[in-house]
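Asker: I'd like to ask some things about the structure below.
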Amino acid sequence: DGGITQSPKYLFRKEGQNVTLSCEQNLNHDAMYWYRQDPGQGLRLIYYSQIVNDFQKGDIAEGYSVSREKKESFPLTVTSAQKNPTAFYLCASSTPGQGSPYEQYFGPGTRLTVT
Amino acid sequence: GIQVEQSPPDLILQEGANSTLRCNFSDSVNNLQWFHQNPWGQLINLFYIPSGTKQNGRLSATTVATERYSLLYISSSQTTDSGVYFCAVASGGSNYKLTFGKGTLLTVNP
């Protein structure tokens with residue numbers, strides 16, 4: 001099946017620890033994204049990558065880092081510098097093309113709890 | 001940046017009723033998507049509709065780009081329609097950066 005996978009589904013960490021969230025897609029999409037969702041809120045863009053080995057900051061990049069070494073993978077590291085890391089994290093992908101260019105598709109998300 | 005406002009914030013319906021959800025945006029858009037977030041958090045694509053009208057079963061959507069709004073229609077609602085509906089737009093020459101509204105929480109009672 002083609003799609004986007006995120007692991008783990010739930011993640012618990014102690015304050016002060018870095019944690020890496022996984023996102024993999026087999027849709028052959030060029031672009032990938034990370035969003036954060038807080039309770040009762042919409043999604044906010046953390047980072048996005050249009051192509052391998054390139055990425056740009058979104059609206060709330062502070063305290064996060066990413067890499068894009070392979071087309072299908074876009075891991076997100078939540079560092080200890082992120083002041084309020086507990087949230088629901090969603091990964092997405094899209095591709096330019098005919099039909100619905102840049103339509104974004106989402107993975108199932110990872111719920112991160114930091115105590 | 002672009003502002004996205006969704007209304008109403010909450011909506012409670014009886015099964016079988018129809019509803020209209022609205023999304024207003026403050027600038028011209030390159031991309032507009034409607035999503036349904038189910039109780040498990042999964043975002044499901046409903047429509048990609050920067051302009052025009054589309055229909056998919058009981059759901060339809062219309063975007064009037066010149067007047068900067070989009071409408072999502074749900075007919076004959078079912079309990080499985082419950083969840084949060086989000087509108088998201090890309091603008092300002094970028095096709096990549098989606099800005100989300102805060103969503104409409106729909107509850108359909110049996």
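Residues are named by chain letter and number: chains run A, B, ... in the order of the structure tokens, numbers start at 1 in each chain, and ligands are numbered from 1 in the order shown.
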For chain A, list the residues within 6 Å of chain B, counting only C-alpha atoms, and write the list as a PyMOL selection string.

Answerer: chain A and resi 41-43+108

Asker: Name the residues of chain B that come out as helix (DSSP H, G or I) in a backbone DSSP run; write them as a PyMOL selection string.

Answerer: chain B and resi 65-67+79-81

Asker: Emit the selected residues as a compact mmCIF listing (two decimals), in the first residue's frame, including N, CA and C atoms.

Answerer:
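The resulting part.txt:
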```txt
# COMPACT_ATOMS: atom_id res chain seq x y z
N ALA B 65 -12.94 32.08 -5.20
CA ALA B 65 -11.62 32.66 -4.93
C ALA B 65 -11.66 34.19 -4.94
N THR B 66 -12.46 34.76 -5.83
CA THR B 66 -12.51 36.22 -5.94
C THR B 66 -13.10 36.85 -4.69
N GLU B 67 -13.95 36.11 -3.97
CA GLU B 67 -14.54 36.64 -2.75
C GLU B 67 -13.90 36.04 -1.50
N THR B 79 -23.27 9.57 11.89
CA THR B 79 -22.45 9.68 13.10
C THR B 79 -20.96 9.59 12.77
N THR B 80 -20.64 8.88 11.71
CA THR B 80 -19.23 8.76 11.31
C THR B 80 -18.67 10.05 10.71
N ASP B 81 -19.53 11.03 10.46
CA ASP B 81 -19.05 12.34 10.00
C ASP B 81 -18.49 13.18 11.14
```

Asker: Pick out the residues sitting within 7 Å of Gly107 of chain A, and hand them over as a ChimeraX atom specification; count only C-alpha atoms, and ignore anything fewer than 3 positions along from it in its own chain.

Answerer: /A:4-6,90-92

Asker: What does the file look like for those residues with N, CA and C atoms, as an mmCIF file, in the first residue's frame?

Answerer:
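Output below, filename again.cif:
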```cif
data_model
loop_
_atom_site.group_PDB
_atom_site.id
_atom_site.type_symbol
_atom_site.label_atom_id
_atom_site.label_comp_id
_atom_site.auth_asym_id
_atom_site.auth_seq_id
_atom_site.Cartn_x
_atom_site.Cartn_y
_atom_site.Cartn_z
ATOM 1 N N ILE A 4 1.979 7.089 3.979
ATOM 2 C CA ILE A 4 2.936 7.739 4.866
ATOM 3 C C ILE A 4 2.854 7.041 6.221
ATOM 4 N N THR A 5 3.987 6.637 6.732
ATOM 5 C CA THR A 5 4.019 5.999 8.047
ATOM 6 C C THR A 5 4.802 6.861 9.013
ATOM 7 N N GLN A 6 4.323 6.906 10.251
ATOM 8 C CA GLN A 6 5.004 7.618 11.318
ATOM 9 C C GLN A 6 5.151 6.671 12.496
ATOM 10 N N LEU A 90 2.438 15.713 13.107
ATOM 11 C CA LEU A 90 1.967 15.109 11.866
ATOM 12 C C LEU A 90 2.936 15.388 10.737
ATOM 13 N N CYS A 91 3.187 14.367 9.961
ATOM 14 C CA CYS A 91 4.049 14.452 8.788
ATOM 15 C C CYS A 91 3.172 14.405 7.544
ATOM 16 N N ALA A 92 3.577 15.091 6.505
ATOM 17 C CA ALA A 92 2.816 15.110 5.257
ATOM 18 C C ALA A 92 3.764 15.077 4.069
#
```

Asker: Would you return as number ranges by chain the members of chain B that DSSP assigns to strand (DSSP E or B) on this structure's backbone?

Answerer: B: 4-7, 10-14, 19-25, 29-37, 43-48, 52-56, 59-64, 69-74, 83-91, 99-100, 104-109

Asker: Let me make sure I understand: among A:Leu11, A:Ala31, A:Ile60, A:Val19, which one has the smallest atom-to-atom distance to Tyr105 of chain A if we use only C-alpha atoms?

Answerer: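 For Tyr105 of chain A, the nearest of the candidates is A:Ala31.
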
Asker: Would you mind listing what lies within 8 Å of Ser76 of chain B as an MDAnalysis selection string, with only C-alpha atoms counted and same-chain residues fewer than 3 positions away left out?

Answerer: chainID B and resid 15:18 58

Asker: Find, counting only C-alpha atoms, the residue in B:Gln3, B:Ser75, B:Ser19, B:Thr107 that gets nearest to Gln55 of chain B.

Answerer: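 Under the stated criterion, the closest residue is B:Ser75.
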
Asker: Find the residues around Leu76 of chain A up to 7 Å (only C-alpha atoms counted), leave out those fewer than 2 positions away in its own chain, and share them as a ChimeraX atom specification.

Answerer: /A:20-22,65-66,74,78

Asker: Rounded to one decimal in Å, what is the spacing between atom CA of Met32 of chain A and atom CA of Tyr64 of chain A?

Answerer: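 A separation of 15.3 Å between them.
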
Asker: Of the candidates A:Gly109, A:Gly3, A:Pro101, A:Gly63, which shows the shortest atom-to-atom distance to Asn28 of chain A, using only C-alpha atoms?

Answerer: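 Closest residue, counting only C-alpha atoms: A:Gly3.
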
Asker: With only C-alpha atoms as the counted atoms, please give the residues lying no more than 9 Å from Asp54 of chain A, apart from itself and same-chain residues fewer than 3 positions off, as number ranges by chain.

Answerer: A: 48-51, 67-69

Asker: What is the atom CA of Val29 of chain B-atom CA of Gly40 of chain A distance in Å, reported with one decimal?

Answerer: 24.7 Å
